[in-house]
$ cat coords.txt   # compact mmCIF, C-alpha atoms and all ligand atoms
# COMPACT_ATOMS: atom_id res chain seq x y z
CA MET A 17 -8.31 -19.32 2.31
CA LEU A 18 -9.63 -16.08 0.86
CA ASN A 19 -8.02 -12.78 1.73
CA THR A 20 -10.76 -10.68 0.17
CA ILE A 21 -13.31 -11.21 2.95
CA LEU A 22 -13.16 -8.87 5.93
CA GLU A 23 -14.03 -9.81 9.51
CA GLN A 24 -17.48 -9.62 11.10
CA PRO A 25 -20.07 -10.11 8.31
CA GLU A 26 -22.76 -8.97 10.76
CA PHE A 27 -21.27 -5.48 10.74
CA TYR A 28 -21.86 -5.18 7.00
CA GLN A 29 -25.33 -6.70 7.27
CA LYS A 30 -26.23 -4.05 9.84
CA ASN A 31 -24.93 -1.32 7.52
CA ARG A 32 -27.15 -2.57 4.68
CA GLN A 33 -30.14 -2.74 6.97
CA THR A 34 -29.60 0.76 8.39
CA LEU A 35 -29.24 2.18 4.88
CA LEU A 36 -32.39 0.54 3.53
CA GLU A 37 -34.47 1.64 6.52
CA GLN A 38 -33.92 5.22 5.40
CA LEU A 39 -34.96 4.74 1.78
CA PRO A 40 -38.55 4.80 0.49
CA ASP A 41 -40.27 1.65 -0.77
CA ASN A 42 -39.67 0.65 -4.39
CA SER A 43 -36.03 1.70 -4.29
CA VAL A 44 -32.89 0.07 -5.54
CA VAL A 45 -29.29 0.72 -4.52
CA PHE A 46 -26.31 0.03 -6.78
CA VAL A 47 -22.75 0.00 -5.50
CA SER A 48 -19.79 -1.16 -7.56
CA SER A 49 -16.46 -2.39 -6.16
CA GLY A 50 -14.61 -0.86 -9.10
CA ALA A 51 -12.35 -2.44 -11.69
CA GLU A 52 -8.65 -3.17 -11.81
CA LYS A 53 -6.54 -0.57 -13.59
CA ILE A 54 -3.58 -1.18 -15.83
CA ARG A 55 -0.35 0.40 -14.59
CA ASN A 56 1.73 -0.38 -17.66
CA ARG A 57 1.47 -3.10 -20.32
CA ASP A 58 -0.11 -6.04 -18.47
CA VAL A 59 0.79 -4.96 -14.94
CA GLU A 60 -2.07 -3.80 -12.75
CA PHE A 61 -2.10 -1.28 -9.92
CA PRO A 62 -2.79 -3.02 -6.60
CA PHE A 63 -6.58 -3.24 -6.35
CA ARG A 64 -8.50 -1.66 -3.47
CA ALA A 65 -12.32 -1.86 -3.66
CA GLN A 66 -14.37 1.31 -3.29
CA SER A 67 -15.05 2.06 0.37
CA ASP A 68 -18.85 2.27 -0.06
CA PHE A 69 -18.78 -1.25 -1.47
CA ILE A 70 -16.66 -2.62 1.36
CA TYR A 71 -18.86 -0.83 3.92
CA LEU A 72 -21.90 -2.73 2.66
CA THR A 73 -20.36 -6.12 1.85
CA GLY A 74 -17.05 -6.73 3.67
CA PHE A 75 -15.80 -8.00 0.31
CA GLU A 76 -12.86 -6.71 -1.74
CA GLU A 77 -12.87 -8.33 -5.19
CA PRO A 78 -12.88 -6.21 -8.35
CA ASP A 79 -15.73 -6.40 -10.89
CA SER A 80 -18.42 -6.87 -8.26
CA VAL A 81 -21.74 -5.02 -8.03
CA LEU A 82 -24.07 -4.95 -5.03
CA VAL A 83 -27.80 -4.49 -5.69
CA LEU A 84 -30.09 -3.82 -2.74
CA LEU A 85 -33.80 -3.92 -3.49
CA LYS A 86 -36.43 -2.51 -1.23
CA THR A 87 -39.84 -3.43 -2.64
CA LYS A 88 -42.44 -5.45 -0.71
CA THR A 89 -39.51 -7.31 0.77
CA VAL A 90 -35.86 -6.37 1.16
CA LYS A 91 -33.39 -8.45 -0.81
CA SER A 92 -29.67 -8.25 -1.44
CA HIS A 93 -28.05 -9.36 -4.69
CA LEU A 94 -24.34 -9.55 -5.47
CA PHE A 95 -22.75 -9.94 -8.87
CA VAL A 96 -19.23 -11.36 -8.70
CA ARG A 97 -16.61 -12.98 -10.91
CA GLU A 98 -17.44 -16.66 -11.40
CA LYS A 99 -14.90 -19.22 -10.29
CA ASP A 100 -12.40 -20.09 -13.00
CA PRO A 101 -9.63 -22.55 -12.11
CA GLU A 102 -7.33 -21.40 -14.89
CA GLN A 103 -7.76 -17.67 -14.17
CA GLU A 104 -7.39 -18.33 -10.45
CA THR A 105 -4.14 -20.20 -11.00
CA TRP A 106 -2.71 -17.13 -12.70
CA GLN A 107 -4.48 -14.25 -10.97
CA GLY A 108 -5.54 -15.44 -7.54
CA ARG A 109 -8.48 -17.02 -5.75
CA ARG A 110 -12.06 -15.86 -6.25
CA LEU A 111 -15.00 -16.29 -3.96
CA GLY A 112 -17.28 -17.36 -6.81
CA VAL A 113 -21.06 -17.15 -7.14
CA GLU A 114 -22.05 -20.19 -5.11
CA ALA A 115 -20.22 -19.19 -1.92
CA VAL A 116 -21.59 -15.62 -1.76
CA PRO A 117 -24.88 -16.12 0.16
CA ASN A 118 -23.38 -18.05 3.07
CA THR A 119 -20.06 -16.26 3.23
CA LEU A 120 -21.37 -12.71 3.01
CA ASN A 121 -24.92 -13.16 4.38
CA LEU A 122 -26.47 -11.98 1.12
CA ASP A 123 -29.65 -13.34 -0.47
CA TYR A 124 -28.70 -13.96 -4.09
CA ALA A 125 -25.54 -14.13 -6.18
CA TYR A 126 -24.88 -14.10 -9.92
CA ASP A 127 -22.01 -14.13 -12.38
CA ILE A 128 -20.96 -10.55 -13.14
CA GLU A 129 -21.06 -11.49 -16.83
CA SER A 130 -24.87 -11.71 -16.59
CA LEU A 131 -25.26 -8.29 -14.94
CA ASP A 132 -26.91 -6.47 -17.86
CA ASP A 133 -29.41 -9.28 -18.44
CA GLU A 134 -30.36 -9.95 -14.83
CA ILE A 135 -30.62 -6.33 -13.81
CA LEU A 136 -33.49 -5.53 -16.15
CA GLY A 137 -35.62 -8.20 -14.47
CA LEU A 138 -34.76 -6.84 -11.04
CA LEU A 139 -35.56 -3.23 -11.96
CA ASP A 140 -39.08 -3.67 -13.28
CA ASN A 141 -41.48 -1.50 -11.27
CA VAL A 142 -38.74 0.06 -9.16
CA ALA A 143 -39.44 3.77 -8.79
CA SER A 144 -36.16 5.21 -7.49
CA VAL A 145 -32.53 4.35 -8.17
CA TYR A 146 -29.90 5.26 -5.56
CA VAL A 147 -26.33 5.46 -6.79
CA SER A 148 -23.31 7.45 -5.63
CA PHE A 149 -22.95 10.68 -7.57
CA SER A 150 -19.27 10.70 -6.67
CA GLN A 151 -18.61 7.35 -8.32
CA SER A 152 -16.99 7.04 -11.73
CA LEU A 153 -18.92 8.29 -14.72
CA ASP A 154 -18.52 4.82 -16.26
CA PHE A 155 -20.74 3.27 -13.62
CA LEU A 156 -23.31 6.08 -13.74
CA GLY A 157 -23.38 5.56 -17.51
CA THR A 158 -24.02 1.85 -17.03
CA VAL A 159 -26.92 2.59 -14.66
CA HIS A 160 -28.36 5.00 -17.19
CA SER A 161 -28.08 2.39 -19.93
CA TRP A 162 -30.24 0.01 -17.83
CA ILE A 163 -32.90 2.65 -17.33
CA TYR A 164 -32.77 3.43 -21.04
CA ALA A 165 -33.21 -0.27 -21.92
CA LEU A 166 -36.24 -0.48 -19.64
CA LYS A 167 -37.81 2.60 -21.16
CA GLU A 168 -37.45 0.95 -24.55
CA GLN A 169 -39.73 -1.80 -23.27
CA GLY A 170 -42.46 0.64 -22.21
CA ARG A 171 -44.96 -0.65 -24.76
CA LYS A 172 -44.65 -4.14 -23.24
CA GLY A 173 -45.83 -2.65 -19.96
CA VAL A 174 -42.42 -2.40 -18.32
CA GLU A 175 -42.14 0.57 -15.96
CA ALA A 176 -38.70 2.14 -15.77
CA PRO A 177 -37.43 3.95 -12.65
CA LYS A 178 -38.57 7.55 -12.52
CA GLN A 179 -35.73 9.09 -10.58
CA VAL A 180 -32.03 8.66 -9.93
CA CYS A 181 -30.99 9.89 -6.48
CA ASP A 182 -27.63 10.49 -4.82
CA LEU A 183 -26.83 7.60 -2.51
CA ASP A 184 -24.10 9.68 -0.87
CA THR A 185 -26.67 11.70 1.05
CA TYR A 186 -27.60 8.60 3.06
CA LEU A 187 -24.58 6.33 2.91
CA HIS A 188 -21.91 8.96 3.49
CA GLU A 189 -23.84 10.42 6.38
CA MET A 190 -23.84 6.96 7.96
CA ARG A 191 -20.10 6.73 7.43
CA VAL A 192 -19.42 10.03 9.22
CA ILE A 193 -20.55 8.57 12.57
CA LYS A 194 -18.40 5.59 13.47
CA SER A 195 -19.82 2.57 15.28
CA GLU A 196 -17.95 0.62 17.97
CA THR A 197 -16.68 -1.84 15.36
CA GLU A 198 -15.33 0.99 13.23
CA ILE A 199 -13.73 2.75 16.20
CA LYS A 200 -11.91 -0.48 17.11
CA ARG A 201 -10.57 -0.74 13.58
CA LEU A 202 -9.55 2.92 13.47
CA ARG A 203 -7.80 2.48 16.81
CA LYS A 204 -5.87 -0.47 15.43
CA ALA A 205 -4.98 1.43 12.23
CA ALA A 206 -3.79 4.29 14.46
CA THR A 207 -1.70 2.00 16.66
CA ILE A 208 0.03 0.39 13.67
CA SER A 209 0.58 3.83 12.14
CA VAL A 210 2.25 5.05 15.35
CA GLN A 211 4.62 2.06 15.26
CA GLY A 212 5.48 2.85 11.64
CA HIS A 213 6.31 6.46 12.51
CA LEU A 214 8.54 5.36 15.40
CA ALA A 215 10.30 3.03 12.95
CA ALA A 216 10.73 5.96 10.54
CA MET A 217 12.38 8.07 13.24
CA LYS A 218 14.61 5.18 14.23
CA SER A 219 15.44 4.67 10.58
CA MET A 220 17.43 7.93 10.61
CA GLN A 221 20.34 6.05 12.19
CA SER A 222 20.91 4.02 9.06
CA SER A 223 19.17 5.99 6.29
CA VAL A 224 20.72 8.36 3.80
CA PHE A 225 17.79 8.60 1.38
CA GLU A 226 14.10 9.33 1.86
CA PHE A 227 13.13 5.97 0.34
CA GLN A 228 15.12 4.15 3.01
CA VAL A 229 13.02 5.82 5.69
CA GLN A 230 9.92 4.86 3.68
CA ALA A 231 11.15 1.25 3.60
CA ASP A 232 11.41 1.04 7.40
CA LEU A 233 8.10 2.87 7.89
CA GLU A 234 6.14 0.61 5.58
CA ALA A 235 7.98 -2.51 6.76
CA ALA A 236 6.60 -1.82 10.23
CA PHE A 237 3.06 -1.46 8.82
CA LEU A 238 3.34 -4.75 6.96
CA ARG A 239 4.97 -6.60 9.86
CA LEU A 240 2.05 -5.63 12.05
CA GLY A 241 -0.41 -7.08 9.55
CA SER A 242 -1.61 -4.00 7.70
CA PRO A 243 -2.27 -5.17 4.12
CA ARG A 244 -1.47 -1.80 2.56
CA VAL A 245 -0.83 1.86 3.21
CA ALA A 246 -3.96 3.98 3.56
CA PHE A 247 -2.45 6.43 1.02
CA ASN A 248 0.93 6.91 -0.62
CA SER A 249 3.52 7.65 2.06
CA ILE A 250 5.19 11.04 2.10
CA VAL A 251 8.81 11.11 3.27
CA ALA A 252 9.99 14.64 2.54
CA SER A 253 13.26 16.14 3.74
CA GLY A 254 14.33 19.77 3.71
CA GLU A 255 12.73 21.77 0.91
CA ASN A 256 10.71 18.73 -0.25
CA ALA A 257 8.63 19.06 2.92
CA CYS A 258 7.27 22.31 1.47
CA ILE A 259 5.56 20.27 -1.29
CA LEU A 260 2.36 19.19 0.43
CA HIS A 261 1.82 15.89 -1.40
CA TYR A 262 5.43 14.97 -2.18
CA THR A 263 5.51 11.20 -2.70
CA GLU A 264 8.61 10.73 -4.86
CA ASN A 265 10.71 10.04 -1.76
CA ARG A 266 13.93 9.86 -3.81
CA SER A 267 16.13 12.62 -2.36
CA GLU A 268 19.20 12.33 -0.21
CA ILE A 269 18.53 13.60 3.30
CA LYS A 270 20.93 16.34 4.41
CA LYS A 271 22.20 16.32 7.95
CA GLY A 272 20.56 19.61 8.94
CA ASP A 273 17.19 18.79 7.35
CA LEU A 274 13.89 18.31 9.00
CA VAL A 275 12.17 15.16 7.76
CA LEU A 276 8.38 15.24 7.36
CA VAL A 277 6.65 11.86 7.27
CA ASP A 278 2.92 11.79 6.45
CA ALA A 279 1.75 8.19 6.33
CA GLY A 280 -0.84 5.79 7.67
CA ALA A 281 -1.59 2.09 7.69
CA GLU A 282 -4.89 0.52 6.71
CA TRP A 283 -6.62 -2.01 8.97
CA GLN A 284 -9.77 -3.93 7.98
CA GLY A 285 -10.63 -1.16 5.54
CA TYR A 286 -9.91 1.76 7.91
CA ALA A 287 -7.17 4.35 7.64
CA GLY A 288 -4.61 5.81 9.99
CA ASP A 289 -3.21 9.23 9.09
CA ILE A 290 -0.26 10.66 11.02
CA THR A 291 2.34 13.29 10.25
CA THR A 292 5.55 13.54 12.22
CA THR A 293 8.34 16.03 11.62
CA PHE A 294 11.75 15.40 13.15
CA PRO A 295 15.38 16.50 12.63
CA ALA A 296 17.55 14.13 10.58
CA SER A 297 20.42 14.69 13.00
CA GLY A 298 18.28 14.16 16.09
CA HIS A 299 18.72 17.81 17.02
CA PHE A 300 16.55 20.80 15.98
CA SER A 301 18.22 24.06 14.92
CA THR A 302 16.96 27.21 16.69
CA GLU A 303 14.69 28.21 13.78
CA GLN A 304 13.41 24.65 13.29
CA ALA A 305 12.63 24.36 16.99
CA GLN A 306 10.82 27.72 17.05
CA LEU A 307 8.59 26.86 14.11
CA TYR A 308 8.05 23.30 15.28
CA SER A 309 6.91 24.40 18.74
CA LEU A 310 4.59 26.92 17.15
CA VAL A 311 2.92 24.27 14.99
CA LEU A 312 2.64 21.96 18.00
CA ASN A 313 0.98 24.71 20.05
CA ALA A 314 -1.44 25.35 17.22
CA GLN A 315 -2.24 21.64 17.03
CA GLN A 316 -2.88 21.44 20.76
CA ALA A 317 -5.13 24.50 20.66
CA ALA A 318 -7.06 22.95 17.77
CA ILE A 319 -7.42 19.56 19.45
CA ASP A 320 -8.63 21.25 22.64
CA VAL A 321 -11.74 22.68 20.97
CA ILE A 322 -12.96 19.29 19.76
CA LYS A 323 -15.97 18.10 21.73
CA PRO A 324 -19.64 17.44 21.02
CA LYS A 325 -21.49 20.54 19.78
CA ALA A 326 -18.31 22.46 18.91
CA ARG A 327 -18.48 23.52 15.24
CA TYR A 328 -16.14 21.93 12.72
CA ASP A 329 -14.56 25.24 11.65
CA MET A 330 -13.57 26.10 15.24
CA VAL A 331 -10.66 23.65 14.88
CA HIS A 332 -9.19 25.60 11.98
CA GLN A 333 -9.92 28.93 13.64
CA ALA A 334 -8.07 27.84 16.78
CA SER A 335 -5.05 26.66 14.80
CA ILE A 336 -4.71 29.74 12.57
CA LYS A 337 -5.03 32.05 15.54
CA VAL A 338 -2.03 30.45 17.26
CA LEU A 339 -0.03 30.20 14.03
CA ALA A 340 -0.71 33.81 13.03
CA GLN A 341 0.25 35.16 16.46
CA GLY A 342 3.42 33.04 16.45
CA LEU A 343 4.39 34.23 12.97
CA LEU A 344 3.92 37.82 14.16
CA ASP A 345 6.05 37.17 17.24
CA LEU A 346 8.85 35.68 15.11
CA GLY A 347 8.73 38.63 12.72
CA LEU A 348 7.60 36.46 9.81
CA LEU A 349 4.40 38.46 9.50
CA GLN A 350 3.80 42.14 10.18
CA GLY A 351 0.77 43.98 11.52
CA ASP A 352 -1.70 43.01 14.18
CA LEU A 353 -3.43 39.68 14.72
CA ASP A 354 -6.91 40.74 13.62
CA ALA A 355 -5.59 42.12 10.35
CA VAL A 356 -3.47 39.04 9.67
CA LEU A 357 -6.47 36.78 10.29
CA LYS A 358 -8.80 38.97 8.25
CA ASP A 359 -6.60 39.26 5.17
CA GLU A 360 -5.34 35.67 5.60
CA ALA A 361 -1.68 36.73 5.41
CA TYR A 362 -0.73 33.49 7.24
CA LYS A 363 -1.75 31.55 4.10
CA ARG A 364 1.70 32.27 2.63
CA PHE A 365 3.07 29.75 5.15
CA PHE A 366 0.00 27.65 5.96
CA MET A 367 -2.09 27.10 2.86
CA HIS A 368 -4.19 24.05 3.70
CA GLY A 369 -7.00 23.23 6.10
CA THR A 370 -6.39 21.98 9.63
CA GLY A 371 -7.92 18.55 9.07
CA HIS A 372 -10.52 16.30 7.51
CA TRP A 373 -12.86 13.44 8.32
CA LEU A 374 -11.07 10.11 8.68
CA GLY A 375 -12.51 6.65 8.15
CA MET A 376 -12.38 4.08 5.37
CA ASP A 377 -11.05 6.79 3.08
CA VAL A 378 -8.20 8.87 4.40
CA HIS A 379 -10.03 12.03 3.33
CA ASP A 380 -13.26 10.45 4.40
CA VAL A 381 -16.70 11.12 3.00
CA GLY A 382 -19.37 13.20 4.67
CA ALA A 383 -20.57 16.77 4.56
CA TYR A 384 -18.60 19.46 6.38
CA LYS A 385 -21.42 21.96 6.13
CA GLN A 386 -25.16 21.45 6.48
CA ASN A 387 -27.63 24.09 5.33
CA GLY A 388 -24.75 26.48 4.83
CA GLU A 389 -23.45 26.11 8.41
CA TRP A 390 -20.32 24.29 9.55
CA ARG A 391 -21.67 21.25 11.30
CA ALA A 392 -21.33 20.48 14.99
CA PHE A 393 -19.27 17.56 16.27
CA LYS A 394 -21.07 14.47 17.49
CA PRO A 395 -19.70 11.43 19.34
CA GLY A 396 -18.35 8.88 16.85
CA MET A 397 -16.95 11.42 14.41
CA VAL A 398 -13.24 11.09 13.65
CA VAL A 399 -11.12 13.98 12.40
CA THR A 400 -7.46 14.64 11.80
CA VAL A 401 -5.82 17.76 13.20
CA GLU A 402 -2.82 18.76 11.12
CA PRO A 403 -1.60 22.35 11.16
CA GLY A 404 1.66 23.09 9.37
CA LEU A 405 4.12 25.75 8.30
CA TYR A 406 6.09 25.73 5.07
CA ILE A 407 8.84 28.22 4.29
CA SER A 408 11.04 27.86 1.22
CA ASP A 409 12.93 30.00 -1.30
CA VAL A 410 9.52 30.86 -2.76
CA HIS A 411 9.47 33.32 0.14
CA GLN A 412 12.25 35.54 -1.23
CA ASP A 413 11.46 38.36 1.20
CA VAL A 414 11.95 36.06 4.20
CA ASP A 415 15.38 35.71 5.85
CA LYS A 416 17.14 32.64 4.43
CA LYS A 417 17.61 31.17 7.87
CA TRP A 418 13.91 30.19 7.76
CA HIS A 419 14.09 28.58 4.31
CA ASN A 420 13.60 24.88 3.56
CA ILE A 421 11.60 24.21 6.68
CA GLY A 422 8.37 22.29 6.19
CA ILE A 423 6.55 21.18 9.32
CA ARG A 424 3.24 19.39 9.78
CA ILE A 425 2.02 17.61 12.91
CA GLU A 426 -1.02 15.39 12.53
CA ASP A 427 -3.04 13.19 14.87
CA ASP A 428 -6.35 11.35 14.59
CA ILE A 429 -9.06 12.42 17.01
CA LEU A 430 -12.26 10.62 17.99
CA VAL A 431 -15.13 12.74 19.29
CA THR A 432 -16.46 11.09 22.47
CA SER A 433 -19.56 11.85 24.52
CA THR A 434 -17.48 13.87 26.99
CA GLY A 435 -14.89 15.39 24.68
CA ARG A 436 -12.22 13.74 22.58
CA GLU A 437 -9.77 10.88 22.43
CA VAL A 438 -6.46 11.05 20.57
CA LEU A 439 -6.28 7.71 18.75
CA THR A 440 -2.68 8.18 17.65
CA LYS A 441 -1.03 8.21 21.06
CA GLY A 442 2.53 7.11 21.80
CA LEU A 443 4.65 9.43 19.67
CA PRO A 444 7.25 11.84 21.08
CA ARG A 445 5.79 15.24 20.17
CA THR A 446 7.59 18.16 21.82
CA VAL A 447 11.04 19.29 20.68
CA GLU A 448 12.49 17.91 23.89
CA GLU A 449 10.63 14.60 23.66
CA ILE A 450 11.77 14.07 20.08
CA GLU A 451 15.40 14.93 20.79
CA THR A 452 15.42 12.72 23.88
CA TRP A 453 13.71 9.87 22.04
CA MET A 454 16.13 9.99 19.12
CA ARG A 455 19.13 10.18 21.44
CA GLN A 456 17.96 7.31 23.66
CA ASP A 457 17.04 5.29 20.67
CA LYS A 458 20.50 5.78 19.25
CA GLU A 459 22.03 4.65 22.53
CA GLN A 460 19.80 1.59 22.69
CA ALA A 461 20.59 0.75 19.12
CA THR A 462 24.31 1.06 19.82
CA ILE A 463 23.97 -1.30 22.74
CA GLU A 464 22.01 -3.75 20.59
CA VAL A 465 24.63 -3.70 17.86
CA SER A 466 27.58 -4.19 20.23
MN MN B 1 -4.35 14.01 6.77
$ encode --input "coords.txt" --output "structure tokens"
Amino acid sequence: MLNTILEQPEFYQKNRQTLLEQLPDNSVVFVSSGAEKIRNRDVEFPFRAQSDFIYLTGFEEPDSVLVLLKTKTVKSHLFVREKDPEQETWQGRRLGVEAVPNTLNLDYAYDIESLDDEILGLLDNVASVYVSFSQSLDFLGTVHSWIYALKEQGRKGVEAPKQVCDLDTYLHEMRVIKSETEIKRLRKAATISVQGHLAAMKSMQSSVFEFQVQADLEAAFLRLGSPRVAFNSIVASGENACILHYTENRSEIKKGDLVLVDAGAEWQGYAGDITTTFPASGHFSTEQAQLYSLVLNAQQAAIDVIKPKARYDMVHQASIKVLAQGLLDLGLLQGDLDAVLKDEAYKRFFMHGTGHWLGMDVHDVGAYKQNGEWRAFKPGMVVTVEPGLYISDVHQDVDKKWHNIGIRIEDDILVTSTGREVLTKGLPRTVEEIETWMRQDKEQATIEVS
């Protein structure tokens, strides 16, 4: 039983076909799965193949290279690690060369060890090479070394490729618009992520430290079958929540703290991405509640603008407008709304964007602007909406009662033909809903225990 093969090989076959249809004749595509990385001594980081590679193969082993050739015919070639009983006993099962064609619906397979030799034969008379310009320089260097080797053979009549093109232009544009299969997977990743966040809130009954909340959050992901987190979980209490990518998760949670959890599960290669912010005690202070409700209003205003043909930047515009007005109303900013928006004074408390594409990568690929214009939404696009406010002792001029409050609220939104669908449904979101949920949950838990 191999765990490195994803479901529905036909989905990946379709992706390869759609990609090649867009490329000119006499083209070749190279996509690498990536290599394992040493963490320390002989311990490796958990391996996760590059998303482009998974998108075209449904396969997750390291040291694999996909070669798609579009000449007179269209052929797919995959280089993988050969089977090796001894290595597999120590390191884990491998698919092996022989099983590739039938298992992954690919035409030819080879041992990765023979890559440099085989590739030169495949590249003869190919005019254009397509490779991701956002992939590691190591791989781009390897591709260049093949072209160089072919050029060396020019006197023997070998014709080397004449241009290297950015595969991202085609492949990442495909990945921006999600198919039905992808939407199902994103929905599942969202559902598991919601369950993890509920577990994190419930965890407050028995947790003293951030890492204990993380344990319950990620336990829920794993229990529901997610093989890994989509990105390193953030469990940030009090002032830590003002560090946007805080992942240490080591602090003791104080009773009056807000706890910010930004985490998502992965499902069949697709990411969930949710942020919840809730009071450790189950009860918001006045200032926490005021800021929280403001962020929630901003999020709702931002979500409301998402529909086909709305421009991407309208989401951010809607959220900063609500946040800026709210900060003025609370006396945290001075002046009038137009001035605050124009000179971006709100950036002191809200310094990031309101969202990003979501897909196989949590910050998914795809252009945000086209020809200098923010692009318009289309059905099948998936974005996160995640306004926030962060006030800490960095803001010395701000009354201390606002300090150490970091709030972010994030959901995953699918653009549909008629508007939008929130994929991450099922979380208590308003101040009242959260307080009620945490109180009820405590009561239920007490009943369970007794
Ligand atoms: Mn996000």
$ residues_near_ligand --input "coords.txt" --ligand "ligand MN 1 (chain B)" --cutoff "12 Å" --atoms "only C-alpha atoms and all ligand atoms" --output "PDB file with C-alpha atoms, keeping the file's coordinate frame"
ATOM      1  CA  ALA A 246      -3.960   3.980   3.560  1.00  0.00           C
ATOM      2  CA  PHE A 247      -2.450   6.430   1.020  1.00  0.00           C
ATOM      3  CA  ASN A 248       0.930   6.910  -0.620  1.00  0.00           C
ATOM      4  CA  SER A 249       3.520   7.650   2.060  1.00  0.00           C
ATOM      5  CA  ILE A 250       5.190  11.040   2.100  1.00  0.00           C
ATOM      6  CA  LEU A 260       2.360  19.190   0.430  1.00  0.00           C
ATOM      7  CA  HIS A 261       1.820  15.890  -1.400  1.00  0.00           C
ATOM      8  CA  VAL A 277       6.650  11.860   7.270  1.00  0.00           C
ATOM      9  CA  ASP A 278       2.920  11.790   6.450  1.00  0.00           C
ATOM     10  CA  ALA A 279       1.750   8.190   6.330  1.00  0.00           C
ATOM     11  CA  GLY A 280      -0.840   5.790   7.670  1.00  0.00           C
ATOM     12  CA  ALA A 287      -7.170   4.350   7.640  1.00  0.00           C
ATOM     13  CA  GLY A 288      -4.610   5.810   9.990  1.00  0.00           C
ATOM     14  CA  ASP A 289      -3.210   9.230   9.090  1.00  0.00           C
ATOM     15  CA  ILE A 290      -0.260  10.660  11.020  1.00  0.00           C
ATOM     16  CA  THR A 291       2.340  13.290  10.250  1.00  0.00           C
ATOM     17  CA  THR A 292       5.550  13.540  12.220  1.00  0.00           C
ATOM     18  CA  HIS A 368      -4.190  24.050   3.700  1.00  0.00           C
ATOM     19  CA  GLY A 369      -7.000  23.230   6.100  1.00  0.00           C
ATOM     20  CA  THR A 370      -6.390  21.980   9.630  1.00  0.00           C
ATOM     21  CA  GLY A 371      -7.920  18.550   9.070  1.00  0.00           C
ATOM     22  CA  HIS A 372     -10.520  16.300   7.510  1.00  0.00           C
ATOM     23  CA  TRP A 373     -12.860  13.440   8.320  1.00  0.00           C
ATOM     24  CA  LEU A 374     -11.070  10.110   8.680  1.00  0.00           C
ATOM     25  CA  GLY A 375     -12.510   6.650   8.150  1.00  0.00           C
ATOM     26  CA  ASP A 377     -11.050   6.790   3.080  1.00  0.00           C
ATOM     27  CA  VAL A 378      -8.200   8.870   4.400  1.00  0.00           C
ATOM     28  CA  HIS A 379     -10.030  12.030   3.330  1.00  0.00           C
ATOM     29  CA  ASP A 380     -13.260  10.450   4.400  1.00  0.00           C
ATOM     30  CA  VAL A 398     -13.240  11.090  13.650  1.00  0.00           C
ATOM     31  CA  VAL A 399     -11.120  13.980  12.400  1.00  0.00           C
ATOM     32  CA  THR A 400      -7.460  14.640  11.800  1.00  0.00           C
ATOM     33  CA  VAL A 401      -5.820  17.760  13.200  1.00  0.00           C
ATOM     34  CA  GLU A 402      -2.820  18.760  11.120  1.00  0.00           C
ATOM     35  CA  PRO A 403      -1.600  22.350  11.160  1.00  0.00           C
ATOM     36  CA  GLY A 404       1.660  23.090   9.370  1.00  0.00           C
ATOM     37  CA  ARG A 424       3.240  19.390   9.780  1.00  0.00           C
ATOM     38  CA  ILE A 425       2.020  17.610  12.910  1.00  0.00           C
ATOM     39  CA  GLU A 426      -1.020  15.390  12.530  1.00  0.00           C
ATOM     40  CA  ASP A 427      -3.040  13.190  14.870  1.00  0.00           C
ATOM     41  CA  ASP A 428      -6.350  11.350  14.590  1.00  0.00           C
ATOM     42  CA  ILE A 429      -9.060  12.420  17.010  1.00  0.00           C
TER      43      ILE A 429
END
$ atom_distance --input "coords.txt" --atom1 "CA of Val145 (chain A)" --atom2 "CA of Leu94 (chain A)"
16.4 Å
$ closest_residue --input "coords.txt" --among "A:Leu18, A:Asn141, A:Thr432, A:Gln107" --to "Val59 (chain A)" --atoms "all atoms listed in the file"
A:Gln107
$ atom_distance --input "coords.txt" --atom1 "CA of Asp154 (chain A)" --atom2 "CA of Ala51 (chain A)"
10.6 Å
$ atom_distance --input "coords.txt" --atom1 "CA of Tyr126 (chain A)" --atom2 "CA of Ala176 (chain A)"
22.1 Å
$ residues_around --input "coords.txt" --residues "Asp184 (chain A)" --least-positions-apart "6" --cutoff "12 Å" --atoms "only C-alpha atoms" --output "list in words"
Leu35, Val45, Phe46, Val47, Ser67, Asp68, Tyr146, Val147, Ser148, Phe149, Ser150, Gln151, Met190, Arg191, Val192, Val381, Gly382 and Ala383 of chain A
$ closest_residue --input "coords.txt" --among "A:Thr446, A:Ser408, A:Ser223, A:Asn256" --to "Gln315 (chain A)" --atoms "only C-alpha atoms"
A:Thr446
$ closest_residue --input "coords.txt" --among "A:Lys91, A:Asp132, A:Gln284, A:Asp413" --to "Phe75 (chain A)" --atoms "only C-alpha atoms"
A:Gln284
$ residues_around --input "coords.txt" --residues "Val83 (chain A)" --least-positions-apart "6" --cutoff "12 Å" --atoms "all atoms listed in the file" --output "PyMOL selection string"
chain A and resi 32+36+43-49+69+72-73+90-96+122-126+128+131+134-136+138-139+145-147+159
$ closest_residue --input "coords.txt" --among "A:Gly74, A:Gly298, A:Pro395, A:Pro101" --to "Gln456 (chain A)" --atoms "only C-alpha atoms"
A:Gly298
$ residues_around --input "coords.txt" --residues "Thr197 (chain A)" --least-positions-apart "4" --cutoff "9 Å" --atoms "only C-alpha atoms" --output "MDAnalysis selection string"
chainID A and resid 24 27 201:202
$ axis_aligned_box --input "coords.txt" --around "region 393-411 of chain A" --padding-each-side "6 Å" --output "JSON"
{"center_x": -4.1, "center_y": 21.1, "center_z": 8.3, "size_x": 46.0, "size_y": 36.4, "size_z": 34.1}
